[in-house]
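Asker: Supplied in structure tokens, the structure appears directly below.
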Amino acid sequence: MRTMSFADAIEDALSDAMASDSRIVILGEDVHALRMNLFARFGEQRVRSAPISEAAFVGAAVGAAMAGLRPVVEVMLVDFIGVAMDALLNHAAKIEAFSGGKWKVPLVVRTACGGGYGDSGQHEQTLWGWLAHIPGLTVVAPSTPADAGGMMLSAIEHEGPVIYLEHKLLASYWLYYMGSGGRTTVGFDVPLEGVSGPVPDSWTPVPLGKAATRREGEDITLVSVAVGVHRCMEAAAVLEEKGISAGVLDLRTVSPLDREVLCGAISRSGRLLVVDEDYRDFGLSGELAAVVLEAGITVRYGRVCTEGTIPYSRELEDQVLPNTRRIVDAALKLMER
Amino acid sequence: MEPDLWSLYRQMLRSRRFEEFVKDLWEKGKISGEMHLGIGEEAIAAGVVDHLQEGDAMALDHRGTPPLVARGVDLVVLLREFLGSEDGLCCGMGGHMHLFSPEHLAASSGIVGSSGPVAAGFALAAQCLRPENLAVAFFGEGAMNQGMLVETLNLAVAWKLPMLFVCKDNQWAITTLSHSVTGGNLIDRAKAFGMPAMEIDGTDVEAVWNAAGQGADRARNGNGPTFLLAHCPRLEGHFLMIGQIRTDQDRDPLDRIQRRLGTEKTRLEEIQKEVDQEIQKAVEIALSSP
């Protein structure tokens, strides 16, 4: 076991993969600077900086994946993915189906997501539910350094398009760029277990579509991804003091969902509280309810999500994004009924 | 280098005859949905595709049939795809706007302008893996107002991609006259990105062949992309429908090459007979149960 930061884990796994497979290329804005070490190791042909033209270079990454490369294309922030949406919605996601399964698109779209540093609603969204709505896209959002590295590897090895979401509160360089800018005069509620932690001595792929139980609990199951998992762990500790045994399930992959593990956990506890930093309506939280109900499980259900546009004001932002207090309150309410 | 006009004529005629059967089958209700024919674009398809080699790639728009026919895609599986058959090119999943032939590195799309980014990706893969190869993007002049395509003109120059941008200008963006919604002219626009741009009569297969050859050489030599603006008629309208705007009936590229080759009447008739037989047979096989 080594100890590594979330950001270094991604880079280390990517670097190993690039060294063993020359088809892997990185494309995106500023990658010569953002991925300086990889740029220095692999050169400008394989770590290629792009103009601010997501529609063109994400679309090109789709074509490159179809023609023999294994691109990791970077959309700096997932909020910017809107301008490249055609490439994902109508091309990357559909080509395998449209071609009768004959043509695959082994593409990774790496993109930073999430809030908690006062950058407001065009720079702090997560959008994983919105992306996972599209058949043909795999969507992952790791919460620990070990998963961050292992899932980057599995995303690269996957034969279809994978959206790899890297939360800015976990990847500290993003928080440095976007939040502090080097200042020591600002602070953020950073989940330390997610920012740095144990990773394997050598990287092996963490399977896509498999959830991880982070904490066993009998009374209620808190289900989340990315930073939300750490908020759930904090909430579970508070609930324990109140005599409530809360389990925490980290989905890790939003799509395809690990229905089996989810349904197993909920059928044991009978209470499901979804903690989702993405928007509440028509998204992951509702999907989890649907999956559990379709499985015929009787469940008490609640959710703590982002309900509207993320505000700029730090105080307002803190109320809008799922926080530990809201999770505890919602869990207590579910225990009452 | 001189073009083999007889071979180009054969390719143009194969595509025309094939699409005439497609039109007939659409009218009979055997083909569902929209049907965008490439009738009128055959000289552009034949003149460009003749320069393609093993490992070259094509990104196509919603009129992808003529380039696929010229590239040698099996006509039976192509037609079966239009018929929605499990034995079609894409197992009946794609239809005429979403045709994919991985063995030919040919992919089409019904989203206007998207052939630009996809071809740029094909070209990027060529640049990294197969430096002697290139990629072609086929699109209409209406697509030239689509952001993703205009962004790709820049990307292709910035990354010096081995690409050929082939703009088929039939003057109409669905039912809107393109000049009425387009600022400046497209040759100047392409040149402004820093690439050579050539304007040609897209009904003249020899002119297309010559221009495409220059662009292909440039791409293969690592000198980056070239833009071709090829004017052509829209003989069957935007798509098949009664009351469509069908333009320039006197500018049929097939008439033009037949006039050009007409001095050798016997040879011309021989090719026509062979093509008729080939296409008829393919249609019969496609229509019979597999």
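Letters A, B, ... go to the chains of the structure tokens in the order shown; residues in each chain start at 1; ligands are counted from 1 in the same order.
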Quick check: residues of chain B within 10 Å of chain A, only C-alpha atoms, returned as a PyMOL selection string.
Answerer: chain B and resi 55-57+59+86-95+97-103+105-111+114-130+147-156+158-159
Asker: From range 37-190 of chain B, collect each residue whose DSSP state is strand (DSSP E) and return the set as JSON, numbers by chain.
Answerer: {"B": [57, 58, 59, 60, 100, 101, 106, 107, 108, 135, 136, 137, 138, 139, 140, 163, 164, 165, 166, 167, 168, 169, 172, 173, 176, 177]}
Asker: Env of Gly217 in chain A: 10 Å cut, atoms = only C-alpha atoms, seq-sep filter 6 positions within chain, self excluded. Answer as a PyMOL selection string.
Answerer: chain A and resi 236+240+244-249+265+268-269
Asker: Contacts of Arg260 in chain B at 12 Å or less, counting only C-alpha atoms, minus same-chain residues fewer than 4 places along, as a PyMOL selection string?
Answerer: chain B and resi 5-6+9+204-206+253-256+264-265+268
Asker: Save out the residues we just selected, C-alpha atoms, as an mmCIF file, in the first residue's frame.
Answerer:
data_model
loop_
_atom_site.group_PDB
_atom_site.id
_atom_site.type_symbol
_atom_site.label_atom_id
_atom_site.label_comp_id
_atom_site.auth_asym_id
_atom_site.auth_seq_id
_atom_site.Cartn_x
_atom_site.Cartn_y
_atom_site.Cartn_z
ATOM 1 C CA LEU B 5 -13.112 8.975 -66.711
ATOM 2 C CA TRP B 6 -14.633 5.633 -67.625
ATOM 3 C CA TYR B 9 -18.452 7.317 -64.879
ATOM 4 C CA ASP B 204 -17.581 18.123 -63.544
ATOM 5 C CA VAL B 205 -16.038 14.910 -62.239
ATOM 6 C CA GLU B 206 -12.695 15.692 -63.828
ATOM 7 C CA PRO B 253 -23.573 15.454 -63.572
ATOM 8 C CA LEU B 254 -24.489 12.191 -65.305
ATOM 9 C CA ASP B 255 -25.648 14.053 -68.444
ATOM 10 C CA ARG B 256 -22.429 15.991 -68.402
ATOM 11 C CA GLU B 264 -17.522 6.239 -77.718
ATOM 12 C CA LYS B 265 -21.149 5.238 -77.739
ATOM 13 C CA LEU B 268 -20.811 3.912 -72.876
#
Asker: Separation of CA of Asp119 in chain A and CA of Ser313 in chain A, in Å?
Answerer: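 CA of Ser313 in chain A lies at a distance of 8.6 Å from CA of Asp119 in chain A.
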Asker: Find the residues around range 178-189 of chain B up to 10 Å (only C-alpha atoms counted), leave out those fewer than 5 positions away in its own chain, and share them as a list of chain:residue names.
Answerer: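 The contact residues come out as B:Glu141, B:Gly142, B:Ala143, B:Met144, B:Asn145, B:Val150, B:Leu153, B:Cys167, B:Asp169, B:Asn170, B:Gln171, B:Trp172, B:Ala173, B:Gly194, B:Met195, B:Pro196, B:Ala197, B:Met198, B:Glu199, B:Phe227, B:Leu228, B:Leu229.
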Asker: Write down as a ChimeraX atom specification the residues belonging to range 94-189 of chain B that are assigned helix (DSSP H, G or I) by DSSP computed on the backbone.
Answerer: /B:102-104,115-129,141-145,147-158,178-181,186-189
Asker: Quote the spacing between CA of Gly194 in chain A and CA of Ala148 in chain A in Å to one decimal place.
Answerer: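 One can read the CA of Gly194 in chain A to CA of Ala148 in chain A distance as 9.6 Å.
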Asker: Go ahead and compute the interatomic distance for CA of Met76 in chain A and CA of Ala33 in chain A, in Å to one decimal.
Answerer: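 Between CA of Met76 in chain A and CA of Ala33 in chain A the gap works out to 12.3 Å.
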Asker: Let me make sure I understand: among A:Arg231, A:His32, A:His158, A:Arg252, which one has the smallest atom-to-atom distance to Ile327 in chain A if we use only C-alpha atoms?
Answerer: A:Arg231
Asker: Would you mind telling me which residue in A:Ile297, A:Gly43, A:Ala146, A:Tyr279 lies nearest to Pro200 in chain A when using only C-alpha atoms?
Answerer: A:Ala146
